[in-house]
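Enquirer: What follows is protein.tsv, TSV, C-alpha atoms and all ligand atoms.
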chain	number	residue	atom	x	y	z
N	143	MET	CA	0.00	0.00	0.00
N	144	ILE	CA	0.98	3.57	-0.54
N	145	PRO	CA	1.99	5.41	2.63
N	146	VAL	CA	-0.33	8.29	3.50
N	147	THR	CA	1.54	11.57	3.15
N	148	THR	CA	-1.31	13.90	2.33
N	149	THR	CA	0.02	16.62	4.61
N	150	THR	CA	3.21	17.31	2.63
N	151	PHE	CA	1.36	18.39	-0.53
N	152	LYS	CA	0.81	22.12	-0.56
N	153	HIS	CA	-2.38	23.30	-2.30
N	154	ILE	CA	-1.55	26.11	-4.72
N	155	LEU	CA	-5.14	26.25	-5.93
N	156	PRO	CA	-7.94	27.62	-3.71
N	157	VAL	CA	-9.06	24.10	-2.72
N	158	ASN	CA	-9.47	22.41	0.68
N	159	ASP	CA	-8.53	18.84	1.65
N	160	ASN	CA	-11.95	17.57	0.61
N	161	GLY	CA	-11.58	18.99	-2.85
N	162	PHE	CA	-13.91	21.96	-2.47
N	163	TYR	CA	-13.32	25.24	-4.25
N	164	GLY	CA	-15.76	27.33	-2.25
N	165	PRO	CA	-19.11	25.59	-2.87
N	166	PHE	CA	-17.82	23.74	-5.94
N	167	GLY	CA	-15.95	20.47	-6.41
N	168	GLY	CA	-15.98	17.54	-4.01
N	169	ALA	CA	-16.28	13.89	-5.02
N	170	PHE	CA	-19.83	12.74	-5.75
N	171	VAL	CA	-19.32	9.16	-6.94
N	172	PRO	CA	-21.22	5.88	-6.61
N	173	ASP	CA	-20.14	3.65	-3.71
N	174	VAL	CA	-18.28	1.21	-5.99
N	175	LEU	CA	-15.88	3.99	-6.96
N	176	LYS	CA	-15.22	5.40	-3.48
N	177	PRO	CA	-12.23	3.13	-2.70
N	178	ASN	CA	-10.76	4.00	-6.14
N	179	ILE	CA	-11.07	7.70	-5.52
N	180	ASP	CA	-9.54	7.38	-2.03
N	181	ASN	CA	-6.63	5.38	-3.43
N	182	LEU	CA	-6.05	7.80	-6.24
N	183	ARG	CA	-6.07	10.79	-3.90
N	184	GLU	CA	-3.51	9.22	-1.59
N	185	ALA	CA	-1.31	8.10	-4.48
N	186	PHE	CA	-1.45	11.52	-6.13
N	187	TYR	CA	-0.56	13.49	-2.99
N	188	HIS	CA	2.20	11.02	-2.22
N	189	TYR	CA	3.86	11.01	-5.64
N	190	ALA	CA	3.31	14.71	-6.26
N	191	SER	CA	5.68	15.28	-3.34
N	192	ASP	CA	8.13	12.55	-4.40
N	193	PRO	CA	11.38	13.89	-5.96
N	194	GLU	CA	11.98	10.68	-7.96
N	195	PHE	CA	8.54	10.90	-9.53
N	196	LYS	CA	9.16	14.53	-10.44
N	197	THR	CA	12.54	13.71	-11.99
N	198	GLU	CA	10.96	11.07	-14.23
N	199	PHE	CA	8.03	13.35	-15.15
N	200	ASP	CA	10.37	16.23	-16.01
N	201	ARG	CA	12.64	13.98	-18.06
N	202	LEU	CA	9.74	12.68	-20.17
N	203	LEU	CA	8.35	16.19	-20.65
N	204	ARG	CA	11.75	17.29	-21.91
N	205	ASP	CA	12.92	14.32	-24.01
N	206	TYR	CA	9.60	12.86	-25.17
N	207	VAL	CA	7.14	15.77	-25.27
N	208	GLY	CA	9.72	18.37	-26.34
N	209	ARG	CA	9.38	20.86	-23.48
N	210	PRO	CA	9.90	23.64	-22.70
N	211	THR	CA	7.53	24.90	-25.38
N	212	PRO	CA	8.56	28.29	-26.79
N	213	LEU	CA	7.14	31.58	-25.57
N	214	TYR	CA	6.97	33.42	-28.87
N	215	ARG	CA	6.61	37.20	-29.25
N	216	ALA	CA	4.24	37.55	-32.20
N	217	PRO	CA	5.37	40.78	-33.92
N	218	ARG	CA	2.50	41.15	-36.37
N	219	LEU	CA	-0.08	40.54	-33.62
N	220	CYS	CA	1.72	43.17	-31.50
N	221	GLU	CA	1.28	45.63	-34.35
N	222	ARG	CA	-2.37	44.75	-34.87
N	223	TYR	CA	-3.39	44.89	-31.21
N	224	GLY	CA	-1.04	47.60	-29.92
N	225	ALA	CA	0.42	45.54	-27.06
N	226	GLU	CA	3.19	43.02	-26.46
N	227	ILE	CA	1.50	39.77	-27.49
N	228	TYR	CA	3.26	36.51	-26.67
N	229	LEU	CA	2.09	33.02	-27.62
N	230	LYS	CA	2.75	30.04	-25.35
N	231	ARG	CA	3.25	27.35	-27.96
N	232	GLU	CA	1.54	24.27	-26.51
N	233	ASP	CA	0.71	23.41	-30.14
N	234	LEU	CA	4.34	22.34	-30.54
N	235	ASN	CA	4.07	19.54	-27.98
N	236	HIS	CA	4.32	15.93	-29.16
N	237	THR	CA	0.80	14.90	-30.29
N	238	GLY	CA	-0.16	18.54	-30.87
N	239	ALA	CA	-1.74	19.89	-27.68
N	240	HIS	CA	-1.29	20.47	-23.98
N	241	LYS	CA	-3.18	17.23	-23.16
N	242	ILE	CA	0.02	15.17	-23.25
N	243	ASN	CA	1.37	16.94	-20.11
N	244	ASN	CA	-1.42	15.50	-17.98
N	245	ALA	CA	-1.43	12.17	-19.82
N	246	ILE	CA	2.26	11.62	-19.01
N	247	GLY	CA	1.83	12.55	-15.33
N	248	SER	CA	-1.31	10.47	-14.89
N	249	ALA	CA	0.11	7.43	-16.68
N	250	LEU	CA	3.25	7.56	-14.54
N	251	LEU	CA	0.96	7.60	-11.52
N	252	ALA	CA	-1.08	4.69	-12.91
N	253	LYS	CA	2.13	2.72	-13.36
N	254	ARG	CA	3.21	3.44	-9.78
N	255	MET	CA	-0.22	2.23	-8.64
N	256	GLY	CA	0.30	-1.06	-10.51
N	257	LYS	CA	-2.45	-0.44	-13.10
N	258	THR	CA	-2.31	-2.17	-16.49
N	259	ARG	CA	-5.44	-0.81	-18.19
N	260	ILE	CA	-6.38	2.81	-18.90
N	261	ILE	CA	-9.86	4.17	-19.64
N	262	ALA	CA	-10.16	7.61	-21.24
N	263	GLU	CA	-12.80	9.84	-22.83
N	264	THR	CA	-12.16	12.33	-25.57
N	265	GLY	CA	-13.91	15.20	-27.36
N	266	ALA	CA	-11.73	16.59	-30.12
N	267	GLY	CA	-9.61	13.47	-29.88
N	268	GLN	CA	-6.52	15.24	-28.55
N	269	HIS	CA	-6.83	13.65	-25.13
N	270	GLY	CA	-7.60	10.27	-26.70
N	271	VAL	CA	-4.44	10.53	-28.80
N	272	ALA	CA	-2.43	11.59	-25.75
N	273	ALA	CA	-3.83	8.66	-23.73
N	274	ALA	CA	-3.17	6.18	-26.55
N	275	THR	CA	0.35	7.59	-26.86
N	276	VAL	CA	1.30	7.21	-23.20
N	277	CYS	CA	-0.25	3.73	-23.09
N	278	ALA	CA	1.96	2.67	-26.01
N	279	LEU	CA	4.94	4.30	-24.31
N	280	MET	CA	4.32	2.53	-21.00
N	281	GLY	CA	2.92	-0.77	-22.26
N	282	MET	CA	-0.64	-0.41	-20.97
N	283	GLU	CA	-3.98	-1.36	-22.52
N	284	CYS	CA	-6.11	1.62	-23.63
N	285	THR	CA	-9.85	2.06	-24.24
N	286	VAL	CA	-11.07	5.49	-25.40
N	287	TYR	CA	-14.74	6.56	-25.40
N	288	MET	CA	-15.70	9.17	-27.98
N	289	GLY	CA	-19.08	10.61	-28.97
N	290	ALA	CA	-20.19	9.38	-32.40
N	291	THR	CA	-20.56	13.01	-33.60
N	292	ASP	CA	-16.96	13.68	-32.61
N	293	VAL	CA	-15.74	10.45	-34.25
N	294	GLU	CA	-17.09	11.91	-37.47
N	295	ARG	CA	-15.77	15.47	-37.16
N	296	GLN	CA	-12.32	14.51	-35.81
N	297	LEU	CA	-11.61	11.42	-37.90
N	298	PRO	CA	-7.83	11.95	-38.28
N	299	ASN	CA	-7.47	11.65	-34.50
N	300	VAL	CA	-9.51	8.42	-34.45
N	301	LYS	CA	-7.08	6.94	-36.99
N	302	ARG	CA	-4.12	8.05	-34.89
N	303	MET	CA	-5.53	6.38	-31.76
N	304	GLU	CA	-6.06	3.16	-33.68
N	305	MET	CA	-2.56	3.28	-35.13
N	306	LEU	CA	-1.25	3.65	-31.57
N	307	GLY	CA	-3.06	0.46	-30.56
N	308	ALA	CA	-6.00	1.94	-28.60
N	309	LYS	CA	-9.56	0.70	-28.82
N	310	VAL	CA	-11.93	3.56	-29.76
N	311	VAL	CA	-15.55	3.08	-28.69
N	312	PRO	CA	-18.12	5.43	-30.36
N	313	VAL	CA	-20.86	6.58	-27.94
N	314	THR	CA	-24.35	7.26	-29.32
N	315	SER	CA	-26.27	8.44	-26.22
N	316	GLY	CA	-27.32	12.12	-25.69
N	317	ASN	CA	-26.01	14.33	-28.49
N	318	SER	CA	-23.09	11.94	-28.95
N	319	THR	CA	-20.38	14.34	-27.80
N	320	LEU	CA	-17.98	14.77	-24.87
N	321	LYS	CA	-20.51	14.64	-21.98
N	322	ASP	CA	-21.78	11.30	-23.27
N	323	ALA	CA	-18.24	9.95	-23.68
N	324	VAL	CA	-17.48	10.86	-20.03
N	325	ASN	CA	-20.63	9.02	-18.90
N	326	ALA	CA	-19.57	5.92	-20.83
N	327	ALA	CA	-16.03	6.07	-19.42
N	328	LEU	CA	-17.37	6.42	-15.86
N	329	GLN	CA	-19.62	3.39	-16.45
N	330	ASP	CA	-16.62	1.37	-17.65
N	331	TRP	CA	-14.75	2.41	-14.49
N	332	CYS	CA	-17.67	1.26	-12.30
N	333	ASP	CA	-17.61	-2.10	-14.12
N	334	ASN	CA	-13.80	-2.34	-14.00
N	335	PRO	CA	-12.63	-0.61	-10.81
N	336	ASP	CA	-9.11	-2.05	-11.24
N	337	SER	CA	-8.59	0.09	-14.32
N	338	PHE	CA	-7.21	3.64	-14.13
N	339	TYR	CA	-9.48	6.41	-15.39
N	340	LEU	CA	-7.35	9.00	-17.17
N	341	ILE	CA	-9.48	12.18	-17.32
N	342	GLY	CA	-8.49	14.71	-19.97
N	343	SER	CA	-9.56	17.92	-18.29
N	344	ALA	CA	-9.68	19.61	-14.89
N	345	VAL	CA	-13.13	18.12	-14.22
N	346	GLY	CA	-14.55	15.12	-12.38
N	347	PRO	CA	-14.44	14.14	-8.72
N	348	HIS	CA	-11.62	15.27	-6.41
N	349	PRO	CA	-8.65	14.78	-6.79
N	350	TYR	CA	-8.92	14.99	-10.60
N	351	PRO	CA	-9.34	18.76	-11.02
N	352	GLU	CA	-6.38	19.49	-8.73
N	353	MET	CA	-4.29	16.64	-10.14
N	354	VAL	CA	-4.79	17.62	-13.77
N	355	ALA	CA	-4.03	21.29	-12.98
N	356	HIS	CA	-0.90	20.18	-11.11
N	357	PHE	CA	0.41	18.22	-14.12
N	358	GLN	CA	-0.47	21.14	-16.44
N	359	SER	CA	1.17	23.73	-14.16
N	360	VAL	CA	4.42	23.24	-16.06
N	361	ILE	CA	2.93	25.73	-18.57
N	362	SER	CA	2.94	28.69	-16.16
N	363	GLU	CA	6.18	27.52	-14.52
N	364	GLU	CA	7.94	27.83	-17.88
N	365	MET	CA	6.14	31.10	-18.60
N	366	GLN	CA	7.62	32.70	-15.47
N	367	LYS	CA	11.19	31.88	-16.52
N	368	GLN	CA	10.64	32.77	-20.17
N	369	LEU	CA	8.99	36.11	-19.36
N	370	LEU	CA	11.83	37.01	-17.03
N	371	GLU	CA	14.36	36.25	-19.77
N	372	GLN	CA	12.47	38.01	-22.55
N	373	THR	CA	10.80	40.95	-20.80
N	374	GLY	CA	12.82	41.31	-17.60
N	375	ARG	CA	9.72	40.62	-15.51
N	376	ALA	CA	8.53	37.18	-14.36
N	377	TYR	CA	4.83	37.93	-14.87
N	378	PRO	CA	2.64	39.32	-17.66
N	379	ASP	CA	-0.17	41.86	-17.39
N	380	ALA	CA	-2.68	39.33	-18.68
N	381	ILE	CA	-2.98	35.67	-19.63
N	382	ILE	CA	-5.70	34.49	-22.01
N	383	ALA	CA	-6.73	30.84	-22.29
N	384	CYS	CA	-9.75	28.97	-23.62
N	385	VAL	CA	-11.82	26.89	-21.22
N	386	GLY	CA	-13.59	23.64	-22.01
N	387	GLY	CA	-13.20	21.94	-18.66
N	388	GLY	CA	-10.27	24.13	-17.70
N	389	SER	CA	-7.07	22.09	-18.01
N	390	ASN	CA	-4.98	24.30	-20.31
N	391	ALA	CA	-6.26	27.42	-18.55
N	392	SER	CA	-5.52	26.05	-15.07
N	393	GLY	CA	-1.99	25.18	-16.21
N	394	ALA	CA	-1.44	28.60	-17.77
N	395	PHE	CA	-2.86	30.44	-14.71
N	396	TYR	CA	-1.53	28.13	-11.95
N	397	HIS	CA	1.47	30.07	-10.67
N	398	PHE	CA	-0.30	33.43	-11.12
N	399	ILE	CA	-3.57	32.58	-9.38
N	400	ASP	CA	-2.76	34.67	-6.30
N	401	ASP	CA	-0.96	37.40	-8.22
N	402	SER	CA	-3.26	40.43	-8.40
N	403	ARG	CA	-0.94	42.07	-10.95
N	404	VAL	CA	-2.00	39.52	-13.58
N	405	ARG	CA	-5.41	39.56	-15.29
N	406	LEU	CA	-6.57	35.98	-15.85
N	407	ILE	CA	-8.93	35.87	-18.82
N	408	ALA	CA	-10.91	32.69	-19.49
N	409	VAL	CA	-12.65	32.35	-22.84
N	410	GLU	CA	-15.46	29.87	-23.32
N	411	ALA	CA	-17.32	28.83	-26.45
N	412	ALA	CA	-20.41	30.94	-27.18
N	413	GLY	CA	-21.33	28.72	-30.13
N	414	LEU	CA	-23.95	30.69	-32.08
N	415	GLY	CA	-24.26	33.16	-29.15
N	416	THR	CA	-24.67	32.81	-25.38
N	417	GLU	CA	-28.46	33.44	-25.61
N	418	SER	CA	-29.02	31.37	-28.75
N	419	GLY	CA	-29.68	28.00	-27.11
N	420	MET	CA	-26.78	26.72	-29.24
N	421	THR	CA	-23.86	27.40	-26.90
N	422	ALA	CA	-21.32	25.90	-24.51
N	423	ALA	CA	-20.83	29.09	-22.44
N	424	THR	CA	-21.19	27.39	-19.07
N	425	MET	CA	-19.66	30.08	-16.87
N	426	THR	CA	-21.90	32.70	-18.50
N	427	ILE	CA	-25.26	30.90	-18.38
N	428	GLY	CA	-24.70	27.83	-16.16
N	429	GLN	CA	-26.38	27.08	-12.83
N	430	GLU	CA	-25.12	25.09	-9.87
N	431	GLY	CA	-25.54	21.35	-10.09
N	432	ILE	CA	-23.62	18.09	-10.04
N	433	LEU	CA	-22.00	16.71	-13.18
N	434	HIS	CA	-19.50	13.88	-13.52
N	435	GLY	CA	-18.75	13.64	-9.81
N	436	SER	CA	-18.31	17.31	-9.07
N	437	ARG	CA	-20.48	20.19	-7.88
N	438	THR	CA	-20.07	22.87	-10.51
N	439	LEU	CA	-21.79	25.21	-12.93
N	440	LEU	CA	-23.61	23.48	-15.72
N	441	MET	CA	-26.04	24.28	-18.48
N	442	GLN	CA	-29.49	23.05	-17.54
N	443	GLY	CA	-32.86	22.77	-19.24
N	444	ASP	CA	-36.20	23.89	-17.76
N	445	ASN	CA	-36.48	20.78	-15.59
N	446	GLY	CA	-32.91	20.85	-14.32
N	447	GLU	CA	-31.75	18.23	-16.80
N	448	VAL	CA	-28.27	18.67	-18.28
N	449	ALA	CA	-28.65	20.62	-21.51
N	450	ASP	CA	-26.98	19.56	-24.73
N	451	PRO	CA	-24.14	21.98	-25.42
N	452	TYR	CA	-23.09	23.24	-28.82
N	453	SER	CA	-19.80	24.56	-30.15
N	454	ILE	CA	-18.05	24.25	-33.52
N	455	SER	CA	-15.09	23.09	-31.46
N	456	ALA	CA	-15.38	19.51	-30.19
N	457	GLY	CA	-12.92	20.20	-27.34
N	458	LEU	CA	-15.10	22.99	-25.89
N	459	ASP	CA	-18.45	21.27	-26.52
N	460	TYR	CA	-19.14	20.41	-22.87
N	461	PRO	CA	-22.11	21.49	-20.66
N	462	GLY	CA	-20.03	21.83	-17.47
N	463	VAL	CA	-16.76	23.37	-16.39
N	464	GLY	CA	-14.16	22.34	-13.82
N	465	PRO	CA	-14.88	23.45	-10.23
N	466	LEU	CA	-11.84	25.75	-10.16
N	467	PHE	CA	-13.32	27.84	-12.96
N	468	ALA	CA	-16.85	27.68	-11.56
N	469	TYR	CA	-15.38	29.15	-8.37
N	470	MET	CA	-12.98	31.72	-9.85
N	471	SER	CA	-15.61	33.00	-12.27
N	472	GLN	CA	-17.87	33.73	-9.29
N	473	THR	CA	-15.18	35.31	-7.07
N	474	GLY	CA	-13.98	37.44	-9.97
N	475	GLN	CA	-10.45	35.97	-9.83
N	476	THR	CA	-10.88	35.19	-13.49
N	477	GLU	CA	-12.59	37.36	-16.11
N	478	VAL	CA	-14.94	35.40	-18.35
N	479	LEU	CA	-15.44	36.08	-22.04
N	480	ALA	CA	-17.29	34.04	-24.64
N	481	ALA	CA	-16.29	33.81	-28.31
N	482	THR	CA	-18.68	32.64	-31.01
N	483	ASP	CA	-17.93	30.06	-33.72
N	484	ALA	CA	-17.54	32.87	-36.24
N	485	GLU	CA	-15.20	34.88	-34.02
N	486	ALA	CA	-13.02	31.80	-33.44
N	487	LEU	CA	-12.86	31.03	-37.16
N	488	ALA	CA	-11.84	34.63	-37.89
N	489	ALA	CA	-9.15	34.51	-35.19
N	490	ALA	CA	-7.72	31.28	-36.64
N	491	ARG	CA	-7.47	32.94	-40.04
N	492	THR	CA	-5.80	36.00	-38.54
N	493	LEU	CA	-3.13	33.94	-36.78
N	494	ALA	CA	-2.51	31.81	-39.87
N	495	ARG	CA	-2.16	34.84	-42.14
N	496	LEU	CA	-0.19	37.10	-39.79
N	497	GLU	CA	2.11	34.63	-38.03
N	498	GLY	CA	2.06	31.41	-40.08
N	499	ILE	CA	0.58	29.37	-37.24
N	500	ILE	CA	-2.65	27.36	-37.65
N	501	PRO	CA	-4.18	27.00	-34.18
N	502	ALA	CA	-6.65	24.39	-32.92
N	503	LEU	CA	-10.27	25.56	-33.04
N	504	GLU	CA	-10.29	25.53	-29.22
N	505	SER	CA	-7.25	27.82	-29.02
N	506	SER	CA	-8.84	30.10	-31.63
N	507	HIS	CA	-11.44	31.05	-29.00
N	508	ALA	CA	-8.64	32.39	-26.78
N	509	LEU	CA	-7.15	34.29	-29.72
N	510	ALA	CA	-10.57	35.79	-30.49
N	511	ALA	CA	-10.43	37.58	-27.11
N	512	LEU	CA	-7.68	39.83	-28.51
N	513	GLU	CA	-10.39	41.50	-30.63
N	514	LYS	CA	-12.55	42.16	-27.55
N	515	ILE	CA	-10.10	43.68	-25.07
N	516	ARG	CA	-8.19	46.95	-25.37
N	517	PHE	CA	-4.69	46.67	-23.96
N	518	GLU	CA	-2.34	49.60	-23.28
N	519	PRO	CA	0.82	49.90	-25.40
N	520	GLY	CA	3.68	48.12	-23.65
N	521	GLN	CA	1.41	45.75	-21.72
N	522	THR	CA	2.48	42.12	-21.88
N	523	VAL	CA	-0.23	39.63	-22.84
N	524	VAL	CA	0.28	35.87	-23.10
N	525	VAL	CA	-2.17	33.81	-25.14
N	526	ASN	CA	-2.00	30.10	-24.45
N	527	VAL	CA	-2.12	28.34	-27.83
N	528	SER	CA	-3.35	25.04	-26.42
N	529	GLY	CA	-3.05	23.03	-29.63
N	530	ARG	CA	-2.44	22.95	-33.36
N	531	GLY	CA	-5.07	23.02	-36.07
N	532	ASP	CA	-4.25	19.93	-38.17
N	533	LYS	CA	-7.30	18.09	-36.83
N	534	ASP	CA	-9.55	21.04	-37.75
N	535	MET	CA	-8.54	21.56	-41.37
N	536	ASP	CA	-11.84	20.20	-42.76
N	537	THR	CA	-13.82	22.63	-40.59
N	538	TYR	CA	-11.57	25.56	-41.53
N	539	LEU	CA	-11.82	24.82	-45.24
N	540	GLN	CA	-15.61	24.52	-45.14
Z	1	LIG	C1	-9.12	19.55	-25.05
Z	1	LIG	C2	-8.65	20.82	-25.57
Z	1	LIG	C3	-9.07	22.04	-25.01
Z	1	LIG	C4	-10.13	22.16	-23.96
Z	1	LIG	O1	-9.89	21.52	-22.77
Z	1	LIG	P1	-9.37	22.25	-21.46
Z	1	LIG	O2	-9.36	21.15	-20.46
Z	1	LIG	O3	-10.34	23.33	-21.11
Z	1	LIG	O4	-8.03	22.77	-21.75
Z	1	LIG	C5	-8.49	23.20	-25.49
Z	1	LIG	N1	-7.58	23.18	-26.49
Z	1	LIG	C6	-7.19	22.02	-27.06
Z	1	LIG	C7	-6.18	22.08	-28.17
Z	1	LIG	C8	-7.70	20.81	-26.63
Z	1	LIG	O5	-7.30	19.67	-27.21
Could you render the structure as structure tokens?

Expert:
Amino acid sequence: MIPVTTTTFKHILPVNDNGFYGPFGGAFVPDVLKPNIDNLREAFYHYASDPEFKTEFDRLLRDYVGRPTPLYRAPRLCERYGAEIYLKREDLNHTGAHKINNAIGSALLAKRMGKTRIIAETGAGQHGVAAATVCALMGMECTVYMGATDVERQLPNVKRMEMLGAKVVPVTSGNSTLKDAVNAALQDWCDNPDSFYLIGSAVGPHPYPEMVAHFQSVISEEMQKQLLEQTGRAYPDAIIACVGGGSNASGAFYHFIDDSRVRLIAVEAAGLGTESGMTAATMTIGQEGILHGSRTLLMQGDNGEVADPYSISAGLDYPGVGPLFAYMSQTGQTEVLAATDAEALAAARTLARLEGIIPALESSHALAALEKIRFEPGQTVVVNVSGRGDKDMDTYLQ
């Protein structure tokens, strides 16, 4: 058994020992999963404070993932927006998005816990590819649940997962997108409690939101060093990140969460507009409820049922949000913006044409915020480019 060392882990996020971020978070799981969740929490806190674990994690991030990712000053964006715009290039990670950071950390943890089978869910397919990749790397079996709608719109990623040896299971319940894939993955975990559930975002029951943010925090750790080198100051005036569940944003904000000098700007998917009924803007229109093991904000219908979300971007097409962002959006620690499908598409085109970088559709929502905010000349703004746009070429060309 793993020794209990929960006291040595220091919470950087505004979360208590029971996984509550103010009223949000916690671990609302069926009884069959309670021992799993307890085990996972103890293992995570133990290994997160273990220097050997950190050495192995850092080595894989460097030699396998290709970190640190560049912090790139984008000169033509600076000119267009009248501020110092930097891009954190998570799109240059192995497998094309930030998801691999968490997949590596979680799979290392699974290995330490003696697990041999991984369950994962995926929306855009980036987390599924990351999960399939680390399973190949570490010799574990991998089953990925994916909404049937997403299987269709992100086919290249389905092929990649299969090439990597994962089993992809299309899910046809609900509107056949990410929420439904998470439900199917949780059901598999209930049926197979010896498997390890590798969640792809900062959502789910405690300790997942804190654990995923911890593994993603390398993003802001690197940012501090890179900003100091490039601007002479270890913090920016603002950081912009898109939020589906909140993993890339929590990683990009992590080391600045208590720094009142830094504006933290979270951008969610408005879809066709936040009041259109075709949206995924959970922080803007969501109400309190419980989704996927966590008390959070979620989009609900007239009878309190979980509403079907909509966004052009499969990775943001989720009716909930991680409890950290539910909390910080209510305390005002993070500013919340929503970008529509059309605004995201325009932002992708702008970045491609001005800087020669094709961003993921998800990341394009963060870039769209540059059109909505006026920055002062000389202010330093970091946009987290969470992934690359290869998987979205069909959508862009249409
Ligand atoms: C999955 C994904 C997202 C959204 O998920 P978060 O957990 O909110 O980061 C954003 N960008 C890319 C490229 C993704 O693959």

Enquirer: Output the neighbourhood of ligand LIG 1 (chain Z) as an mmCIF file with C-alpha atoms, in the coordinates of the input, that is, all protein and nucleic acid residues with some atom at most 8 Å from the ligand, counting all atoms listed in the file.

Expert:
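So out-v5.cif came out as:
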data_model
loop_
_atom_site.group_PDB
_atom_site.id
_atom_site.type_symbol
_atom_site.label_atom_id
_atom_site.label_comp_id
_atom_site.auth_asym_id
_atom_site.auth_seq_id
_atom_site.Cartn_x
_atom_site.Cartn_y
_atom_site.Cartn_z
ATOM 1 C CA ASP N 233 0.710 23.410 -30.140
ATOM 2 C CA GLY N 238 -0.160 18.540 -30.870
ATOM 3 C CA ALA N 239 -1.740 19.890 -27.680
ATOM 4 C CA HIS N 240 -1.290 20.470 -23.980
ATOM 5 C CA LYS N 241 -3.180 17.230 -23.160
ATOM 6 C CA THR N 264 -12.160 12.330 -25.570
ATOM 7 C CA GLY N 265 -13.910 15.200 -27.360
ATOM 8 C CA ALA N 266 -11.730 16.590 -30.120
ATOM 9 C CA GLY N 267 -9.610 13.470 -29.880
ATOM 10 C CA GLN N 268 -6.520 15.240 -28.550
ATOM 11 C CA HIS N 269 -6.830 13.650 -25.130
ATOM 12 C CA GLY N 342 -8.490 14.710 -19.970
ATOM 13 C CA SER N 343 -9.560 17.920 -18.290
ATOM 14 C CA ALA N 344 -9.680 19.610 -14.890
ATOM 15 C CA VAL N 345 -13.130 18.120 -14.220
ATOM 16 C CA CYS N 384 -9.750 28.970 -23.620
ATOM 17 C CA VAL N 385 -11.820 26.890 -21.220
ATOM 18 C CA GLY N 386 -13.590 23.640 -22.010
ATOM 19 C CA GLY N 387 -13.200 21.940 -18.660
ATOM 20 C CA GLY N 388 -10.270 24.130 -17.700
ATOM 21 C CA SER N 389 -7.070 22.090 -18.010
ATOM 22 C CA ASN N 390 -4.980 24.300 -20.310
ATOM 23 C CA ALA N 391 -6.260 27.420 -18.550
ATOM 24 C CA SER N 392 -5.520 26.050 -15.070
ATOM 25 C CA GLY N 457 -12.920 20.200 -27.340
ATOM 26 C CA LEU N 458 -15.100 22.990 -25.890
ATOM 27 C CA VAL N 463 -16.760 23.370 -16.390
ATOM 28 C CA ALA N 502 -6.650 24.390 -32.920
ATOM 29 C CA LEU N 503 -10.270 25.560 -33.040
ATOM 30 C CA GLU N 504 -10.290 25.530 -29.220
ATOM 31 C CA SER N 505 -7.250 27.820 -29.020
ATOM 32 C CA VAL N 527 -2.120 28.340 -27.830
ATOM 33 C CA SER N 528 -3.350 25.040 -26.420
ATOM 34 C CA GLY N 529 -3.050 23.030 -29.630
ATOM 35 C CA ARG N 530 -2.440 22.950 -33.360
#

Enquirer: Determine the nearest neighbour of Met535 (chain N) from the options N:Glu410, N:Ala423, N:Arg405, N:Gln296, counting all atoms listed in the file.

Expert: N:Gln296

Enquirer: Using all atoms listed in the file, find each residue in region 224-341 of chain N having at least one atom no more than 9 Å away from region 360-375 of chain N; report its shortest atom-to-atom pair and that distance in Å (one decimal), rows by chain then rising number, as a Markdown table.

Expert:
| residue | atom | partner | partner_atom | distance |
| --- | --- | --- | --- | --- |
| N:Lys230 | CA | N:Met365 | CA | 7.6 |
| N:Glu232 | CA | N:Ile361 | CA | 8.2 |
| N:His240 | CA | N:Ile361 | CA | 8.6 |
| N:Asn243 | CA | N:Val360 | CA | 8.1 |

Enquirer: So that I can check the surroundings of region 509-514 of chain N, please list as a PyMOL selection string every protein, DNA and RNA residue that reaches within 6 Å of it, counting all atoms listed in the file and ignoring chain neighbours fewer than 2 positions away.

Expert: chain N and resi 485-486+489+506-507

Enquirer: Between N:Thr197, N:Thr416, N:Ser315, N:Gln429, which residue has the minimum interatomic distance to Leu479 (chain N), considering only C-alpha atoms?

Expert: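 The answer is N:Thr416, which sits nearest to Leu479 (chain N).
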
Enquirer: Which is closest to Gly462 (chain N) among N:Arg403, N:Lys257, N:His188, N:His434, if we use only C-alpha atoms?

Expert: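 Ranked by minimum distance to Gly462 (chain N), first place goes to N:His434.
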
Enquirer: Smallest atom-to-atom distance to Lys309 (chain N): which of N:Pro172, N:Gly270, N:Gly446, N:Gly289, using all atoms listed in the file?

Expert: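 The answer is N:Gly270, which sits nearest to Lys309 (chain N).
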
Enquirer: Just the number, please: distance in Å from CA of Gly208 (chain N) to CA of Asn235 (chain N), one decimal.

Expert: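 Distance reported for this atom pair: 6.0 Å.
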
Enquirer: From the list N:Leu328, N:Leu306, N:Leu234, N:Ile246, which residue is nearest Gln358 (chain N) when using all atoms listed in the file?

Expert: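 Under the stated criterion, the closest residue is N:Ile246.
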